[in-house]
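*Asks:* One structure coming up, written as structure tokens, with questions to follow.
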Amino acid sequence: MLYTIIKALHIIFMVSYFAGIFYLVRIFVYYKDTDEFAEEKKKILREQYTFMARRLWNIITVPAGVIMAVCGIVMIFLNTGLMKMPWFHVKLTFLIGLAVYHYWCWKKVLKLKELNGNTIETPNIKLRQANEIATFLLFLVVFTVILKSSVIEYWWQLIAGFFVLVFLIMMTVKLVNKNKKNK
């Protein structure tokens with residue numbers, strides 16, 4: 001019963017964490033979108049976006065991520081057999097990717113404060129594409145956990161499907177960005 005409760009908490013805080021990460025990078029995009037605005041409007045919006053990013057990071061994203069990680073570690077201790085499962089090693093590999101992405105987001109949050117209202121050097125399209133990385137990682141982790149050993153057995157079909165998904169999402173981002181520029 002304890003394991004199931006911890007697992008439920010792990011899932012709840014995973015959802016909260018990803019909600020925070022999804023919205024955080026969106027705030028970076030909105031901040032960059034202000035490049036073309038009049039100075040007064042740009043200043044007001046950039047201050048607000050910086051404030052929102054810091055609050056989101058400190059109040060939702062990091063606490064949810066910590067609780068999610070603690071619950072995950074507790075589940076490993078309660079079920080040590082997980083460490084013997086090949087699919088679980090695949091999941092841990094994807095979580096390392098998530099940790100790298102988390103670090104990138106943290107550096108961007110710190111950079112927003114340092115910018116003091118100046119522009120983000122990262123091009124808009126790169127921020128929009130970076131916004132999809134968390135989606136890809138979420139797909140990879142969820143499919144790995146749900147499919148378990150089938151991930152190992154059907155790895156090449158899953159990789160092919162994943163690349164098709166990545167391609168479709170990236171093309172959609174480019175198309176939306178192109179249509180936005182044409183308006």
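Ligands are numbered from 1 in the order shown, chains are lettered A, B, ... in the order of the structure tokens, and residues start at 1 in each chain.
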List the neighbours of A:Leu95 out to 8 Å using only C-alpha atoms; skip same-chain residues closer than 4 positions along the sequence, and give me the result as a PyMOL selection string.

*Replies:* chain A and resi 91+99+137+141

*Asks:* Next, dump the selected residues to file, keeping only all heavy atoms, as a PDB file, in the first residue's frame.

*Replies:*
ATOM      1  N   LYS A  91      14.635   4.300 -18.684  1.00  0.00           N
ATOM      2  CA  LYS A  91      13.939   5.437 -18.061  1.00  0.00           C
ATOM      3  C   LYS A  91      14.934   6.358 -17.362  1.00  0.00           C
ATOM      4  O   LYS A  91      14.857   7.585 -17.506  1.00  0.00           O
ATOM      5  CB  LYS A  91      12.888   4.950 -17.057  1.00  0.00           C
ATOM      6  CG  LYS A  91      12.203   6.101 -16.328  1.00  0.00           C
ATOM      7  CD  LYS A  91      11.330   5.638 -15.187  1.00  0.00           C
ATOM      8  CE  LYS A  91      10.772   6.846 -14.460  1.00  0.00           C
ATOM      9  NZ  LYS A  91      10.024   6.496 -13.264  1.00  0.00           N
ATOM     10  N   ALA A  99      17.272  16.028 -16.542  1.00  0.00           N
ATOM     11  CA  ALA A  99      18.104  16.809 -15.613  1.00  0.00           C
ATOM     12  C   ALA A  99      18.919  17.863 -16.376  1.00  0.00           C
ATOM     13  O   ALA A  99      19.054  19.004 -15.905  1.00  0.00           O
ATOM     14  CB  ALA A  99      19.023  15.883 -14.819  1.00  0.00           C
ATOM     15  N   LEU A 137      10.745  14.416 -23.932  1.00  0.00           N
ATOM     16  CA  LEU A 137      11.184  13.651 -22.759  1.00  0.00           C
ATOM     17  C   LEU A 137      10.004  13.011 -22.040  1.00  0.00           C
ATOM     18  O   LEU A 137      10.095  11.866 -21.591  1.00  0.00           O
ATOM     19  CB  LEU A 137      11.982  14.552 -21.816  1.00  0.00           C
ATOM     20  CG  LEU A 137      13.353  14.969 -22.339  1.00  0.00           C
ATOM     21  CD1 LEU A 137      13.928  16.092 -21.507  1.00  0.00           C
ATOM     22  CD2 LEU A 137      14.292  13.777 -22.362  1.00  0.00           C
ATOM     23  N   VAL A 141       9.684   8.982 -21.423  1.00  0.00           N
ATOM     24  CA  VAL A 141       9.566   8.406 -20.080  1.00  0.00           C
ATOM     25  C   VAL A 141       8.249   7.649 -19.919  1.00  0.00           C
ATOM     26  O   VAL A 141       8.236   6.504 -19.455  1.00  0.00           O
ATOM     27  CB  VAL A 141       9.709   9.498 -18.991  1.00  0.00           C
ATOM     28  CG1 VAL A 141       9.352   8.959 -17.618  1.00  0.00           C
ATOM     29  CG2 VAL A 141      11.125  10.059 -18.987  1.00  0.00           C
TER      30      VAL A 141
END

*Asks:* Show which residues sit within 10 Å of A:Tyr23, as an NGL selection string. Count only C-alpha atoms, and ignore same-chain residues fewer than 3 positions away.

*Replies:* :A and (18-20 or 26-29 or 52-53 or 56-57 or 61 or 131)

*Asks:* Report, in Å to a single decimal, how far apart atom CA of A:Leu92 and atom CA of A:Leu147 are.

*Replies:*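 Between these atoms lies a distance of 14.8 Å.
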
*Asks:* Between A:Leu140, A:Lys148, A:Leu2, A:Phe88, which is the closest to A:Gly161 once you count only C-alpha atoms?

*Replies:*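 For A:Gly161, the nearest of the given residues is A:Leu140.
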
*Asks:* So, counting only C-alpha atoms, which residue among A:Phe139, A:Arg55, A:Thr144, A:Ser149 is closest to A:Phe162?

*Replies:*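 Looking only at the distances to A:Phe162, the closest residue turns out to be A:Phe139.
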
*Asks:* Using only C-alpha atoms, determine which residues lie at most 10 Å from A:Phe13, disregarding the query and same-chain residues fewer than 6 positions distant; provide the list as a count of residues only.

*Replies:* 12

*Asks:* Measure the distance from atom CA of A:Phe143 to atom CA of A:Leu158 in Å and round it to one decimal.

*Replies:* 8.9 Å

*Asks:* Between atom CA of A:Trp87 and atom CA of A:Phe163, what is the distance, to one decimal in Å?

*Replies:* 19.3 Å

*Asks:* Closest to A:Ile21 among A:Leu78, A:Val62, A:Leu168, A:Ile73, using only C-alpha atoms?

*Replies:* A:Val62

*Asks:* Can you work out which one of A:His10, A:Ile5, A:Val15, A:Val145 has the shortest atom-to-atom distance to A:Gly72, counting only C-alpha atoms?

*Replies:* A:His10

*Asks:* Could you pull out the alpha helix (DSSP H) residues of stretch 18-109 of chain A from DSSP and send them as an MDAnalysis selection string?

*Replies:* chainID A and resid 18:33 39:55 62:78 86:109

*Asks:* Taking only C-alpha atoms into account, which of A:Asn79, A:Thr34, A:Ser16, A:Thr172 comes nearest A:Asn124?

*Replies:*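 So, comparing all the options, the nearest one is A:Thr34.
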